[in-house]
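J.: Data file my_file-v5.cif (mmCIF, C-alpha atoms) is appended below.
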```cif
data_input
#
loop_
_atom_site.label_atom_id
_atom_site.label_comp_id
_atom_site.auth_asym_id
_atom_site.auth_seq_id
_atom_site.Cartn_x
_atom_site.Cartn_y
_atom_site.Cartn_z
CA MET A 1 23.63 -22.87 -9.82
CA ALA A 2 22.98 -20.86 -6.67
CA GLU A 3 22.36 -17.70 -8.65
CA THR A 4 19.64 -19.39 -10.64
CA ALA A 5 17.95 -20.63 -7.47
CA VAL A 6 17.81 -17.12 -6.01
CA LEU A 7 16.36 -15.66 -9.19
CA ARG A 8 13.76 -18.38 -9.40
CA ARG A 9 12.56 -17.61 -5.89
CA LEU A 10 11.94 -13.98 -6.81
CA THR A 11 10.83 -14.32 -10.34
CA TRP A 12 7.54 -13.53 -11.99
CA LEU A 13 4.81 -16.13 -11.54
CA ALA A 14 1.89 -16.91 -13.82
CA ALA A 15 -1.41 -15.85 -12.26
CA SER A 16 -4.88 -16.59 -13.54
CA VAL A 17 -8.12 -14.91 -12.62
CA ALA A 18 -10.24 -17.24 -10.49
CA GLY A 19 -13.03 -14.86 -9.50
CA ALA A 20 -14.09 -11.23 -9.49
CA VAL A 21 -16.14 -9.03 -7.16
CA GLU A 22 -17.48 -5.64 -8.26
CA GLU A 23 -16.86 -3.55 -5.15
CA THR A 24 -17.94 -0.12 -6.43
CA PRO A 25 -18.49 1.33 -9.93
CA HIS A 26 -14.74 2.02 -10.14
CA VAL A 27 -13.27 -0.76 -8.04
CA ARG A 28 -13.03 -4.47 -8.50
CA THR A 29 -11.48 -7.36 -6.61
CA LEU A 30 -9.76 -10.14 -8.53
CA GLU A 31 -9.18 -13.48 -6.84
CA LEU A 32 -6.04 -15.02 -8.29
CA ASP A 33 -4.79 -18.52 -8.68
CA VAL A 34 -0.98 -18.35 -8.48
CA PRO A 35 0.82 -21.71 -8.58
CA GLY A 36 4.03 -21.44 -6.54
CA TRP A 37 2.81 -18.52 -4.42
CA MET A 38 4.55 -18.66 -1.04
CA GLY A 39 1.79 -16.99 1.04
CA HIS A 40 1.63 -13.41 2.24
CA ARG A 41 1.44 -11.22 5.35
CA ALA A 42 -1.36 -8.73 5.97
CA GLY A 43 -0.39 -5.40 4.39
CA GLN A 44 1.86 -6.71 1.64
CA HIS A 45 1.47 -5.96 -2.06
CA LEU A 46 2.38 -7.60 -5.33
CA ASP A 47 3.50 -6.35 -8.71
CA VAL A 48 1.41 -7.08 -11.79
CA ARG A 49 3.01 -7.24 -15.24
CA LEU A 50 0.92 -7.17 -18.39
CA THR A 51 2.48 -7.99 -21.75
CA ALA A 52 0.85 -6.79 -24.96
CA GLU A 53 0.90 -8.82 -28.17
CA ASP A 54 3.72 -6.64 -29.50
CA GLY A 55 5.80 -7.35 -26.40
CA TYR A 56 5.21 -4.01 -24.67
CA GLN A 57 5.17 -4.54 -20.91
CA SER A 58 3.63 -2.52 -18.13
CA GLU A 59 4.05 -3.05 -14.39
CA ARG A 60 2.02 -1.75 -11.46
CA SER A 61 1.85 -2.53 -7.74
CA TYR A 62 -1.41 -3.57 -6.07
CA SER A 63 -2.12 -4.27 -2.44
CA ILE A 64 -3.36 -7.67 -1.40
CA GLY A 65 -6.73 -7.33 0.32
CA SER A 66 -7.24 -10.93 1.38
CA ALA A 67 -6.20 -12.26 4.76
CA PRO A 68 -3.06 -14.41 4.81
CA GLY A 69 -5.18 -17.53 5.31
CA ASP A 70 -7.39 -16.82 2.32
CA GLY A 71 -5.40 -17.00 -0.89
CA VAL A 72 -4.48 -14.03 -3.05
CA ALA A 73 -6.98 -11.30 -3.93
CA ILE A 74 -6.10 -7.82 -5.16
CA THR A 75 -8.51 -4.90 -5.25
CA ILE A 76 -7.99 -2.43 -8.07
CA GLU A 77 -9.32 1.07 -8.64
CA ARG A 78 -9.73 2.05 -12.29
CA LEU A 79 -7.63 5.06 -13.22
CA GLU A 80 -9.07 6.62 -16.36
CA ASP A 81 -5.65 7.27 -17.90
CA GLY A 82 -4.10 4.08 -16.54
CA GLU A 83 -2.27 1.45 -18.60
CA VAL A 84 -3.04 -1.50 -16.36
CA SER A 85 -6.02 -0.80 -14.11
CA PRO A 86 -8.69 -0.38 -16.86
CA TRP A 87 -7.92 -3.87 -18.13
CA LEU A 88 -7.94 -5.40 -14.65
CA VAL A 89 -11.20 -3.67 -13.69
CA ASP A 90 -13.16 -3.85 -16.95
CA GLU A 91 -11.72 -6.60 -19.11
CA ALA A 92 -10.12 -9.42 -17.14
CA ARG A 93 -12.26 -12.57 -17.11
CA ASN A 94 -11.98 -15.89 -15.29
CA GLY A 95 -9.06 -17.83 -16.67
CA ASP A 96 -7.24 -14.79 -18.07
CA GLN A 97 -3.55 -14.86 -17.27
CA PHE A 98 -0.89 -12.31 -16.40
CA GLU A 99 2.28 -12.25 -14.33
CA VAL A 100 2.73 -11.34 -10.68
CA ARG A 101 5.78 -10.85 -8.47
CA GLY A 102 5.53 -11.06 -4.71
CA PRO A 103 4.59 -11.01 -1.94
CA ILE A 104 6.41 -7.72 -1.34
CA GLY A 105 7.05 -5.67 1.77
CA GLY A 106 8.20 -6.21 5.34
CA TYR A 107 7.49 -2.75 6.74
CA PHE A 108 3.81 -2.04 6.12
CA VAL A 109 2.65 -5.32 7.66
CA TRP A 110 0.68 -6.36 10.74
CA ASP A 111 0.99 -9.95 11.91
CA GLY A 112 -1.40 -9.74 14.86
CA ASP A 113 1.14 -10.71 17.50
CA GLU A 114 1.51 -7.32 19.24
CA PRO A 115 -0.78 -6.28 22.11
CA GLU A 116 -0.96 -2.56 21.31
CA PRO A 117 -4.23 -1.23 19.87
CA VAL A 118 -4.19 -0.72 16.12
CA LEU A 119 -5.34 2.36 14.25
CA LEU A 120 -5.99 2.02 10.54
CA VAL A 121 -6.36 5.22 8.51
CA ALA A 122 -7.52 4.76 4.93
CA GLY A 123 -8.03 7.20 2.08
CA GLY A 124 -10.04 5.75 -0.81
CA SER A 125 -8.49 2.57 -2.17
CA GLY A 126 -5.86 2.86 0.57
CA ILE A 127 -8.29 0.64 2.47
CA VAL A 128 -7.02 -2.46 0.62
CA PRO A 129 -3.92 -3.42 2.63
CA LEU A 130 -5.69 -2.32 5.83
CA MET A 131 -8.58 -4.65 4.97
CA ALA A 132 -6.12 -7.53 4.90
CA MET A 133 -5.17 -6.58 8.48
CA ALA A 134 -8.80 -6.32 9.61
CA ARG A 135 -9.65 -9.65 8.00
CA HIS A 136 -6.54 -11.23 9.53
CA ARG A 137 -7.53 -10.02 12.99
CA ALA A 138 -11.00 -11.52 12.62
CA GLN A 139 -9.66 -14.75 11.19
CA ILE A 140 -7.18 -15.42 13.99
CA GLY A 141 -9.70 -14.42 16.67
CA SER A 142 -7.45 -11.64 17.96
CA ASP A 143 -8.87 -9.42 20.70
CA THR A 144 -6.41 -6.61 19.93
CA PRO A 145 -8.51 -3.43 19.71
CA MET A 146 -8.62 -2.18 16.14
CA ARG A 147 -10.18 1.01 14.83
CA LEU A 148 -10.52 2.17 11.24
CA ILE A 149 -10.86 5.76 10.11
CA TYR A 150 -11.92 5.61 6.47
CA SER A 151 -12.19 8.61 4.17
CA SER A 152 -14.13 8.22 0.91
CA ARG A 153 -15.65 10.65 -1.56
CA THR A 154 -19.20 9.29 -1.31
CA TRP A 155 -21.04 6.40 0.35
CA GLU A 156 -21.08 4.57 -3.02
CA ASP A 157 -17.28 4.77 -3.11
CA VAL A 158 -16.83 2.92 0.18
CA ILE A 159 -15.06 -0.33 -0.67
CA TYR A 160 -15.92 -3.49 1.35
CA ARG A 161 -18.83 -1.57 2.92
CA ASP A 162 -20.95 -4.54 4.00
CA GLU A 163 -18.09 -6.71 5.19
CA LEU A 164 -16.63 -3.93 7.32
CA GLU A 165 -19.73 -4.14 9.52
CA THR A 166 -19.03 -7.81 10.26
CA LEU A 167 -15.38 -7.78 11.30
CA GLY A 168 -15.79 -6.57 14.87
CA LEU A 169 -13.75 -3.40 14.60
CA ASP A 170 -14.75 0.23 15.17
CA VAL A 171 -15.24 2.04 11.87
CA VAL A 172 -15.35 5.82 11.60
CA TYR A 173 -16.39 7.10 8.18
CA THR A 174 -15.86 10.47 6.63
CA LEU A 175 -17.39 11.30 3.24
CA THR A 176 -15.63 14.24 1.67
CA ARG A 177 -17.63 14.98 -1.48
CA ALA A 178 -21.26 14.04 -0.90
CA GLN A 179 -23.24 12.50 1.94
CA PRO A 180 -26.47 10.48 1.85
CA PRO A 181 -29.62 11.97 3.47
CA GLY A 182 -29.48 11.78 7.23
CA TRP A 183 -25.71 11.20 7.30
CA THR A 184 -24.39 11.46 10.84
CA GLY A 185 -20.74 10.67 10.19
CA TYR A 186 -17.98 13.11 9.31
CA SER A 187 -18.09 15.01 6.04
CA ARG A 188 -14.65 16.56 5.63
CA ARG A 189 -11.07 15.63 4.87
CA ILE A 190 -9.12 14.14 7.73
CA ASP A 191 -7.54 16.76 9.96
CA MET A 192 -6.13 16.94 13.46
CA GLU A 193 -9.52 17.72 15.06
CA LEU A 194 -11.11 14.68 13.46
CA LEU A 195 -8.20 12.53 14.58
CA ARG A 196 -8.36 13.96 18.09
CA GLU A 197 -12.00 12.90 18.33
CA THR A 198 -11.57 9.42 16.85
CA ALA A 199 -8.01 8.09 17.22
CA TRP A 200 -6.69 6.15 20.22
CA PRO A 201 -5.09 8.47 22.74
CA ALA A 202 -1.31 8.68 22.42
CA SER A 203 -1.00 7.26 25.94
CA GLU A 204 -1.97 3.84 24.55
CA SER A 205 1.04 3.73 22.20
CA PRO A 206 -1.06 2.55 19.28
CA ARG A 207 0.31 0.92 16.16
CA VAL A 208 -0.79 2.96 13.17
CA TYR A 209 -1.08 2.13 9.48
CA VAL A 210 -1.96 4.95 7.08
CA CYS A 211 -2.54 4.29 3.39
CA GLY A 212 -3.82 6.60 0.68
CA SER A 213 -2.71 9.28 -1.72
CA THR A 214 0.43 11.20 -0.87
CA ARG A 215 -1.61 14.24 0.16
CA PHE A 216 -3.90 12.14 2.36
CA VAL A 217 -1.02 10.30 4.05
CA ASP A 218 0.83 13.54 4.78
CA ALA A 219 -2.27 15.13 6.34
CA ALA A 220 -3.07 12.10 8.49
CA ALA A 221 0.52 11.50 9.63
CA ASP A 222 1.09 15.16 10.45
CA GLY A 223 -2.15 15.25 12.45
CA LEU A 224 -1.19 12.19 14.46
CA LEU A 225 2.25 13.59 15.26
CA GLU A 226 0.59 16.79 16.48
CA LEU A 227 -1.55 14.67 18.81
CA GLY A 228 1.60 13.29 20.38
CA TYR A 229 2.03 10.07 18.45
CA GLU A 230 5.64 8.92 18.06
CA ALA A 231 6.86 8.82 14.46
CA ILE A 232 7.95 5.19 14.84
CA TRP A 233 4.35 4.13 15.66
CA VAL A 234 3.07 5.50 12.36
CA ARG A 235 3.69 3.37 9.29
CA THR A 236 2.65 4.86 6.00
CA GLU A 237 2.17 3.73 2.43
CA ARG A 238 1.44 6.20 -0.39
CA PHE A 239 0.19 5.45 -3.84
CA GLY A 240 0.83 8.86 -5.39
CA ALA A 241 -1.63 11.42 -6.64
CA THR A 242 -4.16 9.35 -8.50
CA GLY A 243 -4.38 5.77 -7.29
CA SER A 244 -2.63 2.61 -6.28
CA MET B 1 0.07 18.52 -10.77
CA GLU B 2 2.67 19.53 -8.23
CA ILE B 3 5.92 17.62 -7.89
CA ALA B 4 5.06 16.86 -4.27
CA GLU B 5 1.98 14.93 -5.41
CA LEU B 6 4.13 12.60 -7.51
CA LYS B 7 6.06 11.51 -4.47
CA LEU B 8 5.85 7.85 -3.56
CA ASP B 9 7.62 6.09 -0.75
CA GLY B 10 10.02 3.22 -0.37
CA ASN B 11 7.23 0.65 -0.16
CA SER B 12 6.96 1.07 -3.93
CA LEU B 13 10.57 -0.10 -4.34
CA GLY B 14 9.84 -3.44 -2.72
CA GLY B 15 9.58 -5.45 -5.91
CA VAL B 16 12.62 -4.11 -7.72
CA MET B 17 14.77 -4.19 -4.57
CA LEU B 18 13.65 -7.73 -3.79
CA GLU B 19 14.93 -8.78 -7.19
CA LEU B 20 18.22 -6.92 -6.75
CA PHE B 21 19.00 -7.82 -3.14
CA GLY B 22 17.19 -11.13 -2.72
CA SER B 23 15.44 -10.08 0.47
CA ASP B 24 12.87 -7.54 1.56
CA MET B 25 14.42 -4.07 1.66
CA THR B 26 11.39 -2.01 2.69
CA ALA B 27 12.08 -2.80 6.35
CA ALA B 28 15.86 -2.49 5.95
CA GLY B 29 17.49 0.41 7.78
CA SER B 30 19.21 3.14 5.81
CA VAL B 31 21.45 6.00 6.80
CA CYS B 32 21.56 9.09 4.61
CA GLY B 33 25.06 9.89 3.37
CA ASN B 34 24.30 13.60 3.54
CA CYS B 35 22.52 14.26 6.86
CA GLY B 36 22.86 10.93 8.68
CA ALA B 37 19.12 10.44 9.15
CA HIS B 38 18.26 6.81 9.90
CA GLY B 39 15.06 4.98 9.06
CA GLU B 40 13.46 2.12 7.21
CA MET B 41 13.75 2.32 3.43
CA ALA B 42 9.93 2.34 3.25
CA ARG B 43 10.03 5.86 4.69
CA LEU B 44 12.25 7.32 1.96
CA ASP B 45 10.81 9.56 -0.76
CA VAL B 46 10.61 7.99 -4.20
CA TYR B 47 10.13 9.66 -7.57
CA ARG B 48 9.59 7.64 -10.72
CA GLY B 49 10.31 8.85 -14.21
CA ALA B 50 12.56 7.30 -16.82
CA GLY B 51 14.40 5.96 -13.79
CA ILE B 52 13.81 5.88 -10.05
CA VAL B 53 15.21 8.53 -7.72
CA VAL B 54 15.18 7.93 -3.97
CA ARG B 55 15.60 10.92 -1.68
CA CYS B 56 16.15 11.25 2.05
CA CYS B 57 12.85 12.12 3.75
CA ASN B 58 14.72 14.42 6.13
CA CYS B 59 17.10 16.46 3.95
CA GLU B 60 15.87 15.50 0.44
CA ALA B 61 19.38 14.61 -0.74
CA VAL B 62 19.50 11.98 -3.49
CA MET B 63 20.40 8.65 -1.88
CA ILE B 64 19.74 6.07 -4.60
CA ARG B 65 19.18 6.09 -8.35
CA ILE B 66 17.96 3.07 -10.27
CA VAL B 67 17.79 2.79 -14.03
CA GLN B 68 16.60 -0.36 -15.76
CA GLY B 69 16.62 -1.15 -19.45
CA ARG B 70 17.83 -3.57 -22.08
CA GLY B 71 17.79 -6.33 -19.46
CA ARG B 72 20.24 -4.50 -17.19
CA THR B 73 20.04 -2.52 -13.98
CA TRP B 74 22.18 0.44 -12.99
CA LEU B 75 22.11 1.01 -9.24
CA ASP B 76 23.73 4.16 -7.83
CA LEU B 77 23.97 4.00 -4.03
CA SER B 78 26.42 6.87 -3.66
CA GLY B 79 24.11 8.87 -1.39
CA VAL B 80 23.73 6.06 1.14
CA ALA B 81 26.07 5.80 4.13
CA THR B 82 24.79 2.44 5.38
CA LEU B 83 22.17 -0.17 4.62
CA GLU B 84 21.18 -2.50 7.47
CA LEU B 85 19.66 -5.81 6.42
CA SER B 86 18.20 -8.36 8.80
#
```
Take the structure in the file and give it back as structure tokens.
T.:
Amino acid sequence: MAETAVLRRLTWLAASVAGAVEETPHVRTLELDVPGWMGHRAGQHLDVRLTAEDGYQSERSYSIGSAPGDGVAITIERLEDGEVSPWLVDEARNGDQFEVRGPIGGYFVWDGDEPEPVLLVAGGSGIVPLMAMARHRAQIGSDTPMRLIYSSRTWEDVIYRDELETLGLDVVYTLTRAQPPGWTGYSRRIDMELLRETAWPASESPRVYVCGSTRFVDAAADGLLELGYEAIWVRTERFGATGS
Amino acid sequence: MEIAELKLDGNSLGGVMLELFGSDMTAAGSVCGNCGAHGEMARLDVYRGAGIVVRCCNCEAVMIRIVQGRGRTWLDLSGVATLELS
């Protein structure tokens, strides 16, 4: 029946853990093996569903950090009071299975086929979907200018720190809680002054992707609008107060 | 925690809307039935509790309510003037 075919296309898929990378003390990447996965675009997310032995189910959304050409990897920040993230970060082992639904999203995506310069603005684990864009740009050999403004609490909390140096994009760091000795980067929350000094000028009509907590996204988007950016250039994704 | 900090956006509806509509809705256009503001669904304000409440990001009027349970979905679109799917 047609109805069945539609539901099958969108249904939950079995995923198994194929690898793990400890990114920071609180953040881990899980590489997933998902038979039937249709491929994703840079910036998309997926939903994870865990089912307990008693049948209790819990769902959360996680951004895909891998480039479209590289399989499915999600990067998860452990939330201390979370139902799903502590298991994904601390417990999941190779071969463990859970369900995923996706890929999801057609708004917060960058396919690499537009000439305008790209500005990525990340707060904490908001880097994850933006990393998929940066990796995609490197993978397809795009010469579209791309700049990342990345706000973290401390240097140890910077996710993908080593790889970010290798992707050929400008990276501007700000560390809001503590800075290592000799730190020459920014050391405050993102505001309009910081954006004025680091973002592409509005005259270049940049494409902007902002991802972080609701408070972070509001501050960054408001600052960019004050600098003369058009609202339609600025795409945002919020993960609420505490995490993705 | 302030209510404003609990706010999500329409990106977070992608999965449930994909199941209901069969295509991506985060990039779909929506027109608010109250103020007429137009924009992608990803830009709308979303609050999650026992159900999901979607509010206009311009006038904060309730546009959509979604309740799921017992294998069913209740979808209230009474605050939406138009949805534009591609």
J.: Could you give me, as a PyMOL selection string, the residues within 9 Å of Pro180 of chain A, counting only C-alpha atoms and dropping anything in the same chain fewer than 3 positions from it?
T.: chain A and resi 154-155+183
J.: The selected residues should be written to file as an mmCIF file, in the coordinates of the input (atoms: C-alpha atoms).
T.:
```cif
data_model
loop_
_atom_site.group_PDB
_atom_site.id
_atom_site.type_symbol
_atom_site.label_atom_id
_atom_site.label_comp_id
_atom_site.auth_asym_id
_atom_site.auth_seq_id
_atom_site.Cartn_x
_atom_site.Cartn_y
_atom_site.Cartn_z
ATOM 1 C CA THR A 154 -19.200 9.290 -1.310
ATOM 2 C CA TRP A 155 -21.040 6.400 0.350
ATOM 3 C CA TRP A 183 -25.710 11.200 7.300
#
```
J.: Around the point (-10.0, 2.1, 10.8), in the coordinates given by the file, pick out the residues reaching within 10 Å, counting all atoms listed in the file, and return them as a ChimeraX atom specification.
T.: /A:118-122,127,130-131,134,146-151,164,169-173,198-199,208-210
J.: I want to know what sits within 7 Å of Val54 of chain B, based on all atoms listed in the file, with residues of the same chain fewer than 3 positions away left out; could you give that as a ChimeraX atom specification?
T.: /B:44-47,62-65
J.: Any chance you could work out the residue set of the PyMOL selection byres ((chain B and resi 81) around 7) here, as a PyMOL selection string?
T.: chain B and resi 31-33+79-80+82
J.: Please identify all residues of chain B having at least one atom at most 7 Å from any atom of chain A, considering all atoms listed in the file, and return them as a VMD selection string.
T.: chain B and resid 5 to 9 11 14 to 15 19 22 24 26 to 27 42
J.: Might you spell out which residues the PyMOL selection byres ((chain B and resi 68) around 12) would select in the displayed file, as a ChimeraX atom specification?
T.: /B:16-17,20,48-52,65-67,69-76
J.: Residues around (-14.9, 7.8, 0.5), cut-off 7 Å, counting all atoms listed in the file - what are they as number ranges by chain?
T.: A: 124, 151-155, 157-158, 174-176
J.: Could you expand the PyMOL selection byres ((chain A and resi 36) around 10) into the explicit residues it covers here, written as a list in words?
T.: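 Checking the PyMOL selection byres ((chain A and resi 36) around 10) against this file, the residues are Arg9, Leu13, Ala14, Ala15, Asp33, Val34, Pro35, Trp37, Met38 and Gly39 of chain A.
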J.: Hey, can you check how far atom CA of Ile74 of chain A sits from atom CA of Leu30 of chain A?
T.: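 Calculated distance between atom CA of Ile74 of chain A and atom CA of Leu30 of chain A is 5.5 Å.
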J.: One number please: atom CA of Phe98 of chain A to atom CA of Gly10 of chain B, in Å, one decimal.
T.: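 Taking atom CA of Phe98 of chain A as the start and atom CA of Gly10 of chain B as the end point, the length is 24.8 Å.
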J.: What is the atom CA of Thr75 of chain A to atom CA of Val89 of chain A distance in Å?
T.: 8.9 Å
J.: Would you mind telling me which residue in A:Ala202, A:Leu50, A:Ala132, A:Ile159 lies nearest to Glu116 of chain A when using only C-alpha atoms?
T.: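 Ranking A:Ala202, A:Leu50, A:Ala132, A:Ile159 by distance to Glu116 of chain A, first place goes to A:Ala202.
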